[in-house]
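File shown: final_27.pdb (PDB, C-alpha atoms and all ligand atoms).
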MODEL        1
ATOM      1  CA  MET Y  29     -13.636  -0.943  19.616
ATOM      2  CA  ARG Y  30     -11.119  -2.752  17.428
ATOM      3  CA  VAL Y  31     -10.118  -0.221  14.766
ATOM      4  CA  LEU Y  32      -8.224  -1.108  11.602
ATOM      5  CA  LEU Y  33      -6.110   1.941  10.746
ATOM      6  CA  ILE Y  34      -4.893   1.901   7.148
ATOM      7  CA  HIS Y  35      -2.238   4.279   5.876
ATOM      8  CA  SER Y  36      -1.093   4.681   2.295
ATOM      9  CA  HIS Y  37       1.759   7.147   1.725
ATOM     10  CA  PRO Y  38       5.351   6.248   0.796
ATOM     11  CA  VAL Y  39       7.043   9.174   2.587
ATOM     12  CA  GLU Y  40       7.511   9.112   6.340
ATOM     13  CA  GLU Y  41       8.029  12.897   6.507
ATOM     14  CA  SER Y  42       4.785  13.634   4.618
ATOM     15  CA  PHE Y  43       1.827  15.513   6.055
ATOM     16  CA  SER Y  44      -0.235  12.391   5.413
ATOM     17  CA  ASN Y  45       2.080  10.442   7.706
ATOM     18  CA  ALA Y  46       1.650  13.131  10.389
ATOM     19  CA  LEU Y  47      -2.133  12.726  10.049
ATOM     20  CA  TYR Y  48      -1.783   8.963  10.368
ATOM     21  CA  ARG Y  49       0.325   9.254  13.541
ATOM     22  CA  GLN Y  50      -2.171  11.754  14.972
ATOM     23  CA  ALA Y  51      -5.094   9.432  14.181
ATOM     24  CA  ARG Y  52      -3.338   6.462  15.815
ATOM     25  CA  GLU Y  53      -2.468   8.428  18.953
ATOM     26  CA  SER Y  54      -5.980   9.869  19.324
ATOM     27  CA  LEU Y  55      -7.734   6.545  18.691
ATOM     28  CA  GLN Y  56      -5.530   4.878  21.314
ATOM     29  CA  LYS Y  57      -6.129   7.738  23.738
ATOM     30  CA  ALA Y  58      -9.866   7.154  23.306
ATOM     31  CA  GLY Y  59      -9.342   3.537  24.392
ATOM     32  CA  HIS Y  60      -9.631   1.822  21.010
ATOM     33  CA  GLU Y  61      -7.557  -1.210  20.150
ATOM     34  CA  VAL Y  62      -5.744  -0.069  17.005
ATOM     35  CA  ASP Y  63      -4.571  -2.517  14.357
ATOM     36  CA  ASP Y  64      -1.951  -0.368  12.665
ATOM     37  CA  CYS Y  65      -1.709  -1.202   8.951
ATOM     38  CA  ASN Y  66       0.838   0.954   7.124
ATOM     39  CA  LEU Y  67       0.664  -0.519   3.628
ATOM     40  CA  TYR Y  68       3.996   0.849   2.346
ATOM     41  CA  ALA Y  69       5.866   0.009   5.567
ATOM     42  CA  GLU Y  70       4.465  -3.531   5.398
ATOM     43  CA  ASN Y  71       5.456  -3.857   1.722
ATOM     44  CA  PHE Y  72       1.925  -4.798   0.734
ATOM     45  CA  ASP Y  73       1.783  -6.063  -2.851
ATOM     46  CA  PRO Y  74      -1.120  -4.216  -4.540
ATOM     47  CA  VAL Y  75      -0.843  -5.913  -7.931
ATOM     48  CA  MET Y  76      -3.547  -8.371  -8.880
ATOM     49  CA  SER Y  77      -1.788 -11.085 -10.868
ATOM     50  CA  ARG Y  78      -3.312 -13.272 -13.563
ATOM     51  CA  HIS Y  79      -3.533 -16.088 -11.011
ATOM     52  CA  ASP Y  80      -5.297 -13.859  -8.449
ATOM     53  CA  ARG Y  81      -7.821 -12.715 -11.033
ATOM     54  CA  MET Y  82      -8.537 -16.261 -12.186
ATOM     55  CA  ILE Y  83      -9.493 -17.333  -8.647
ATOM     56  CA  TYR Y  84     -11.006 -13.998  -7.571
ATOM     57  CA  HIS Y  85     -14.482 -15.532  -7.181
ATOM     58  CA  THR Y  86     -13.331 -18.867  -5.783
ATOM     59  CA  TYR Y  87     -13.675 -18.754  -2.014
ATOM     60  CA  PRO Y  88     -11.575 -19.763  -0.026
ATOM     61  CA  ASP Y  89      -8.795 -20.256  -2.614
ATOM     62  CA  ASN Y  90      -8.981 -16.528  -3.368
ATOM     63  CA  LEU Y  91      -7.555 -15.659   0.078
ATOM     64  CA  GLY Y  92      -4.138 -16.892  -1.099
ATOM     65  CA  LEU Y  93      -1.308 -14.655  -0.022
ATOM     66  CA  VAL Y  94      -3.553 -11.981   1.506
ATOM     67  CA  LYS Y  95      -4.955 -14.205   4.288
ATOM     68  CA  PRO Y  96      -3.312 -12.189   7.109
ATOM     69  CA  TYR Y  97      -4.897  -9.002   5.698
ATOM     70  CA  VAL Y  98      -8.262 -10.736   5.393
ATOM     71  CA  ASP Y  99      -8.053 -11.844   9.048
ATOM     72  CA  ARG Y 100      -7.343  -8.275  10.139
ATOM     73  CA  LEU Y 101     -10.243  -6.947   8.074
ATOM     74  CA  GLN Y 102     -12.652  -9.533   9.460
ATOM     75  CA  LYS Y 103     -11.735  -8.622  13.047
ATOM     76  CA  ALA Y 104     -12.300  -4.897  12.500
ATOM     77  CA  GLU Y 105     -15.240  -3.113  14.103
ATOM     78  CA  GLY Y 106     -14.054   0.309  13.002
ATOM     79  CA  LEU Y 107     -12.082   1.421   9.955
ATOM     80  CA  VAL Y 108      -9.973   4.567   9.587
ATOM     81  CA  ILE Y 109      -8.134   5.277   6.340
ATOM     82  CA  VAL Y 110      -5.452   7.963   6.021
ATOM     83  CA  THR Y 111      -4.361   8.644   2.458
ATOM     84  CA  PRO Y 112      -3.639  11.416  -0.032
ATOM     85  CA  VAL Y 113      -5.692  11.890  -3.200
ATOM     86  CA  TRP Y 114      -3.826  10.941  -6.365
ATOM     87  CA  ASN Y 115      -5.400  11.424  -9.772
ATOM     88  CA  PHE Y 116      -8.728  12.019  -8.076
ATOM     89  CA  GLY Y 117      -8.672   8.545  -6.636
ATOM     90  CA  TRP Y 118      -6.728   6.479  -4.114
ATOM     91  CA  PRO Y 119      -3.006   5.804  -4.594
ATOM     92  CA  ALA Y 120      -2.466   2.480  -6.421
ATOM     93  CA  MET Y 121      -1.281   0.972  -3.129
ATOM     94  CA  LEU Y 122      -4.655   1.568  -1.447
ATOM     95  CA  LYS Y 123      -6.670   0.736  -4.567
ATOM     96  CA  GLY Y 124      -4.759  -2.552  -4.825
ATOM     97  CA  TYR Y 125      -5.468  -3.252  -1.139
ATOM     98  CA  PHE Y 126      -9.205  -3.020  -1.849
ATOM     99  CA  ASP Y 127      -8.911  -5.078  -5.054
ATOM    100  CA  ARG Y 128      -6.925  -7.874  -3.437
ATOM    101  CA  VAL Y 129      -8.256  -8.000   0.149
ATOM    102  CA  TRP Y 130     -11.910  -6.947  -0.060
ATOM    103  CA  LEU Y 131     -12.824 -10.208  -1.773
ATOM    104  CA  PRO Y 132     -16.047 -12.019  -2.580
ATOM    105  CA  GLY Y 133     -16.770 -14.328   0.341
ATOM    106  CA  ILE Y 134     -15.085 -11.861   2.713
ATOM    107  CA  THR Y 135     -16.742  -8.481   2.227
ATOM    108  CA  PHE Y 136     -19.875  -9.833   0.581
ATOM    109  CA  GLU Y 137     -21.520 -13.058  -0.478
ATOM    110  CA  LEU Y 138     -23.481 -13.476  -3.679
ATOM    111  CA  LYS Y 139     -26.032 -16.279  -3.426
ATOM    112  CA  ASP Y 140     -28.852 -16.785  -5.948
ATOM    113  CA  GLY Y 141     -28.321 -13.228  -7.125
ATOM    114  CA  VAL Y 142     -28.707 -11.817  -3.605
ATOM    115  CA  LEU Y 143     -25.800  -9.873  -2.160
ATOM    116  CA  THR Y 144     -25.144 -10.085   1.616
ATOM    117  CA  ARG Y 145     -22.600  -7.938   3.464
ATOM    118  CA  LYS Y 146     -20.193  -9.940   5.600
ATOM    119  CA  LEU Y 147     -17.933  -7.466   7.391
ATOM    120  CA  HIS Y 148     -18.482  -6.394  11.015
ATOM    121  CA  ILE Y 149     -17.406  -2.786  10.529
ATOM    122  CA  GLU Y 150     -19.774  -0.339  12.202
ATOM    123  CA  LYS Y 151     -17.924   2.957  11.830
ATOM    124  CA  VAL Y 152     -15.709   4.358   9.096
ATOM    125  CA  ALA Y 153     -13.623   7.516   8.773
ATOM    126  CA  VAL Y 154     -11.488   8.680   5.847
ATOM    127  CA  ILE Y 155      -8.797  11.304   6.427
ATOM    128  CA  THR Y 156      -7.402  12.702   3.221
ATOM    129  CA  THR Y 157      -5.625  15.565   1.476
ATOM    130  CA  TYR Y 158      -6.096  17.089  -1.986
ATOM    131  CA  GLY Y 159      -3.758  19.356  -3.911
ATOM    132  CA  ALA Y 160      -6.830  20.897  -5.559
ATOM    133  CA  THR Y 161      -9.363  23.318  -4.112
ATOM    134  CA  ARG Y 162     -12.768  21.974  -3.145
ATOM    135  CA  TRP Y 163     -14.258  23.739  -6.193
ATOM    136  CA  ARG Y 164     -11.789  22.161  -8.633
ATOM    137  CA  ALA Y 165     -12.386  18.757  -7.068
ATOM    138  CA  PHE Y 166     -16.149  19.344  -7.353
ATOM    139  CA  LEU Y 167     -15.785  20.104 -11.074
ATOM    140  CA  ALA Y 168     -13.933  16.792 -11.460
ATOM    141  CA  GLY Y 169     -16.812  14.990  -9.709
ATOM    142  CA  ASP Y 170     -14.767  14.532  -6.513
ATOM    143  CA  PRO Y 171     -14.496  10.703  -6.805
ATOM    144  CA  PRO Y 172     -12.596  10.231  -3.498
ATOM    145  CA  ARG Y 173     -15.438  11.884  -1.573
ATOM    146  CA  LYS Y 174     -17.933   9.543  -3.253
ATOM    147  CA  LEU Y 175     -15.688   6.498  -2.786
ATOM    148  CA  ALA Y 176     -15.596   7.267   0.922
ATOM    149  CA  LYS Y 177     -19.107   8.496   1.631
ATOM    150  CA  ARG Y 178     -21.024   6.217  -0.726
ATOM    151  CA  VAL Y 179     -18.989   3.171  -1.732
ATOM    152  CA  LEU Y 180     -17.395   2.455   1.654
ATOM    153  CA  ARG Y 181     -20.716   3.131   3.347
ATOM    154  CA  VAL Y 182     -22.626   0.521   1.325
ATOM    155  CA  GLN Y 183     -19.749  -1.939   1.748
ATOM    156  CA  THR Y 184     -19.699  -1.633   5.535
ATOM    157  CA  ASN Y 185     -22.661  -0.155   7.389
ATOM    158  CA  PRO Y 186     -25.221   1.725   5.258
ATOM    159  CA  ALA Y 187     -27.022   2.848   8.421
ATOM    160  CA  ARG Y 188     -24.125   5.070   9.488
ATOM    161  CA  ALA Y 189     -22.552   7.959   7.562
ATOM    162  CA  VAL Y 190     -18.841   7.761   6.856
ATOM    163  CA  LYS Y 191     -16.847  10.561   8.515
ATOM    164  CA  PHE Y 192     -14.963  12.320   5.714
ATOM    165  CA  LEU Y 193     -12.178  14.671   6.834
ATOM    166  CA  ALA Y 194     -10.374  16.428   3.996
ATOM    167  CA  HIS Y 195      -7.774  19.171   3.706
ATOM    168  CA  TYR Y 196      -8.357  20.542   0.189
ATOM    169  CA  ASN Y 197      -5.957  22.939  -1.528
ATOM    170  CA  MET Y 198      -2.733  21.487  -0.156
ATOM    171  CA  ASN Y 199      -1.073  23.345  -3.049
ATOM    172  CA  ASN Y 200      -1.637  26.540  -1.066
ATOM    173  CA  CYS Y 201      -1.540  25.182   2.474
ATOM    174  CA  THR Y 202       0.158  27.050   5.319
ATOM    175  CA  PRO Y 203       1.438  25.918   8.724
ATOM    176  CA  GLU Y 204      -1.832  27.321  10.109
ATOM    177  CA  THR Y 205      -4.140  25.319   7.787
ATOM    178  CA  ARG Y 206      -2.145  22.153   8.439
ATOM    179  CA  ALA Y 207      -2.216  22.686  12.216
ATOM    180  CA  ALA Y 208      -5.972  23.364  12.118
ATOM    181  CA  PHE Y 209      -6.571  20.164  10.160
ATOM    182  CA  LEU Y 210      -4.372  18.105  12.501
ATOM    183  CA  GLY Y 211      -6.410  19.541  15.394
ATOM    184  CA  LYS Y 212      -9.637  18.509  13.671
ATOM    185  CA  VAL Y 213      -8.315  14.976  13.123
ATOM    186  CA  LYS Y 214      -7.266  14.821  16.785
ATOM    187  CA  ARG Y 215     -10.742  15.877  18.003
ATOM    188  CA  GLU Y 216     -12.623  13.598  15.617
ATOM    189  CA  MET Y 217     -10.479  10.541  16.379
ATOM    190  CA  GLU Y 218     -10.717  11.103  20.118
ATOM    191  CA  ARG Y 219     -14.495  10.769  19.776
ATOM    192  CA  PHE Y 220     -14.533   8.123  17.019
TER
HETATM  193  C1  LIG C 301       0.869  11.125  -8.179
HETATM  194  C2  LIG C 301       0.092  12.284  -7.637
HETATM  195  C3  LIG C 301      -1.156  12.559  -8.161
HETATM  196  C4  LIG C 301      -1.922  13.597  -7.631
HETATM  197  N1  LIG C 301      -3.173  13.824  -8.139
HETATM  198  C5  LIG C 301      -3.970  14.739  -7.553
HETATM  199  C6  LIG C 301      -5.311  14.914  -7.978
HETATM  200  O1  LIG C 301      -5.790  14.292  -8.918
HETATM  201  N2  LIG C 301      -6.078  15.813  -7.320
HETATM  202  C7  LIG C 301      -5.618  16.546  -6.276
HETATM  203  O2  LIG C 301      -6.377  17.309  -5.703
HETATM  204  N3  LIG C 301      -4.343  16.408  -5.851
HETATM  205  C8  LIG C 301      -3.515  15.521  -6.453
HETATM  206  N4  LIG C 301      -2.233  15.350  -6.011
HETATM  207  C9  LIG C 301      -1.764  16.174  -4.905
HETATM  208  C10 LIG C 301      -1.805  15.405  -3.594
HETATM  209  O3  LIG C 301      -3.119  15.171  -3.175
HETATM  210  C11 LIG C 301      -1.048  16.224  -2.555
HETATM  211  O4  LIG C 301       0.301  16.219  -2.949
HETATM  212  C12 LIG C 301      -1.150  15.622  -1.204
HETATM  213  O5  LIG C 301      -2.472  15.691  -0.762
HETATM  214  C13 LIG C 301      -0.264  16.374  -0.264
HETATM  215  O6  LIG C 301      -0.094  15.567   0.862
HETATM  216  P1  LIG C 301       1.343  15.007   1.263
HETATM  217  O7  LIG C 301       2.238  16.218   1.403
HETATM  218  O8  LIG C 301       1.131  14.293   2.552
HETATM  219  O9  LIG C 301       1.767  14.126   0.123
HETATM  220  C14 LIG C 301      -1.411  14.372  -6.566
HETATM  221  C15 LIG C 301      -0.139  14.103  -6.071
HETATM  222  C16 LIG C 301       0.617  13.077  -6.582
HETATM  223  C17 LIG C 301       1.989  12.798  -6.009
ENDMDL
END
Since I need it in another form, could you write the structure as structure tokens?
Ligand SMILES: Cc1cc2nc3c(=O)[nH]c(=O)nc-3n(C[C@H](O)[C@H](O)[C@H](O)COP(=O)(O)O)c2cc1C
Amino acid sequence: MRVLLIHSHPVEESFSNALYRQARESLQKAGHEVDDCNLYAENFDPVMSRHDRMIYHTYPDNLGLVKPYVDRLQKAEGLVIVTPVWNFGWPAMLKGYFDRVWLPGITFELKDGVLTRKLHIEKVAVITTYGATRWRAFLAGDPPRKLAKRVLRVQTNPARAVKFLAHYNMNNCTPETRAAFLGKVKREMERF
């Protein structure tokens, strides 16, 4: 399967980057063709400009400068996202990727009020880390969990649940909890 692997963390030495490298290695070991998309390393521009917003609904003009990212998205059969949780959402880099690349005409088509999905993504996994405990995240409504398990699911393949792998409570993590989570990511990506 052709898997688009998206990473969104600015620090190479971060735990998130270790998770991303583990995911890439395990996906490749399982025989997947991995399209490695490290948004910070590629200097992706996440800011939607006035111009971009004005042509947001105008396909194909709206592809503009993000055409290479659109091509990669359209070729994907699987999607794996590795990112930390910031302000109970995605880092601006990843949020901007969705805003600018997951465009009308590409991810969906709206014709006579009827919305049709256009991507070919069958399987999705999100690998993430929270500073907060699961309970604290729950009290805040846990938006990243819903963004992954509900929003990404309806945008890609509603028939298949999104795999959501999360290390909560990074504020109190230990080498053991981090190693256990890396092991889980390894196992899950080897059978993605
Ligand atoms: C800008 C910023 C905002 C954050 N906001 C949250 C948050 O809202 N909820 C949470 O659980 N953790 C939050 N965190 C903690 C990160 O999730 C945590 O630092 C990260 O998961 C640890 O992974 P890393 O060492 O790979 O960065 C935030 C961290 C940063 C830097």
Box centre and edge lengths (Å, one decimal), axis-aligned, region 115-131 of chain Y plus 5 Å each side, as lines of an AutoDock Vina configuration file:
center_x = -7.1
center_y = 0.9
center_z = -4.8
size_x = 21.5
size_y = 32.2
size_z = 19.9
Distance query Arg215 (chain Y) at most 12 Å, only C-alpha atoms, self and fewer than 2 positions along chain excluded, as a VMD selection string: chain Y and resid 50 to 51 53 to 55 57 to 58 193 208 to 213 217 to 220
Neighbourhood of ligand LIG 301 (chain C) at 6 Å, counting only C-alpha atoms and all ligand atoms, reported as a ChimeraX atom specification: /Y:42-44,112-116,157-160,198
Selected residue of minimal separation from Val31 (chain Y) among Y:Leu107, Y:Ala120, Y:Ala69, Y:Met76, counting only C-alpha atoms: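 Among Y:Leu107, Y:Ala120, Y:Ala69, Y:Met76, it is Y:Leu107 that comes nearest to Val31 (chain Y).
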Atom-to-atom span, CA of Arg30 (chain Y) and CA of Asp63 (chain Y), Å: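 About the pair CA of Arg30 (chain Y) and CA of Asp63 (chain Y): they are 7.2 Å apart.
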Nearest to Pro38 (chain Y) by atom-to-atom distance, counting all atoms listed in the file, from Y:Asn185, Y:Asn71, Y:Thr202, Y:Thr161: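 Ranking Y:Asn185, Y:Asn71, Y:Thr202, Y:Thr161 by distance to Pro38 (chain Y), first place goes to Y:Asn71.
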Minimum-distance residue to Ile109 (chain Y), chosen among Y:Lys174, Y:Phe166, Y:Gln183, Y:Asn66 (using all atoms listed in the file):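 Of all the options, Y:Asn66 lies closest to Ile109 (chain Y).
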Shortest interatomic distance to Tyr125 (chain Y) - which of Y:Gly59, Y:Pro74, Y:Pro186, Y:Pro203, counting only C-alpha atoms: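 Using only C-alpha atoms, Tyr125 (chain Y) sits closest to Y:Pro74.
For the choices Y:Ala104, Y:Val94, Y:Ala168, Y:Val75, the atom-to-atom distance to Leu122 (chain Y) is smallest for Y:Val75 when using only C-alpha atoms.
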Selection dump of the PyMOL selection byres (((chain Y and resi 85) around 12) and not hetatm), as a PyMOL selection string: chain Y and resi 79-84+86-91+128+130-138
Keeping C-alpha atoms, export the residues of the selection given above as a CSV table (one decimal), in the frame of the given file.
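Result saved to result17.csv:
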chain,number,residue,atom,x,y,z
Y,79,HIS,CA,-3.5,-16.1,-11.0
Y,80,ASP,CA,-5.3,-13.9,-8.4
Y,81,ARG,CA,-7.8,-12.7,-11.0
Y,82,MET,CA,-8.5,-16.3,-12.2
Y,83,ILE,CA,-9.5,-17.3,-8.6
Y,84,TYR,CA,-11.0,-14.0,-7.6
Y,86,THR,CA,-13.3,-18.9,-5.8
Y,87,TYR,CA,-13.7,-18.8,-2.0
Y,88,PRO,CA,-11.6,-19.8,0.0
Y,89,ASP,CA,-8.8,-20.3,-2.6
Y,90,ASN,CA,-9.0,-16.5,-3.4
Y,91,LEU,CA,-7.6,-15.7,0.1
Y,128,ARG,CA,-6.9,-7.9,-3.4
Y,130,TRP,CA,-11.9,-6.9,-0.1
Y,131,LEU,CA,-12.8,-10.2,-1.8
Y,132,PRO,CA,-16.0,-12.0,-2.6
Y,133,GLY,CA,-16.8,-14.3,0.3
Y,134,ILE,CA,-15.1,-11.9,2.7
Y,135,THR,CA,-16.7,-8.5,2.2
Y,136,PHE,CA,-19.9,-9.8,0.6
Y,137,GLU,CA,-21.5,-13.1,-0.5
Y,138,LEU,CA,-23.5,-13.5,-3.7
Surrounding residues of Arg181 (chain Y) excluding itself and chain neighbours under 3 positions, 12 Å, only C-alpha atoms, as a ChimeraX atom specification: /Y:107,145,147,149-154,173-178,184-192
Would you list the contacts of Thr156 (chain Y) as an mmCIF file with C-alpha atoms, in the frame of the given file, taking every protein, DNA or RNA residue within 6 Å and counting all atoms listed in the file, but skipping same-chain residues closer than 3 positions in sequence?
data_model
loop_
_atom_site.group_PDB
_atom_site.id
_atom_site.type_symbol
_atom_site.label_atom_id
_atom_site.label_comp_id
_atom_site.auth_asym_id
_atom_site.auth_seq_id
_atom_site.Cartn_x
_atom_site.Cartn_y
_atom_site.Cartn_z
ATOM 1 C CA VAL Y 110 -5.452 7.963 6.021
ATOM 2 C CA THR Y 111 -4.361 8.644 2.458
ATOM 3 C CA PRO Y 112 -3.639 11.416 -0.032
ATOM 4 C CA ALA Y 194 -10.374 16.428 3.996
#
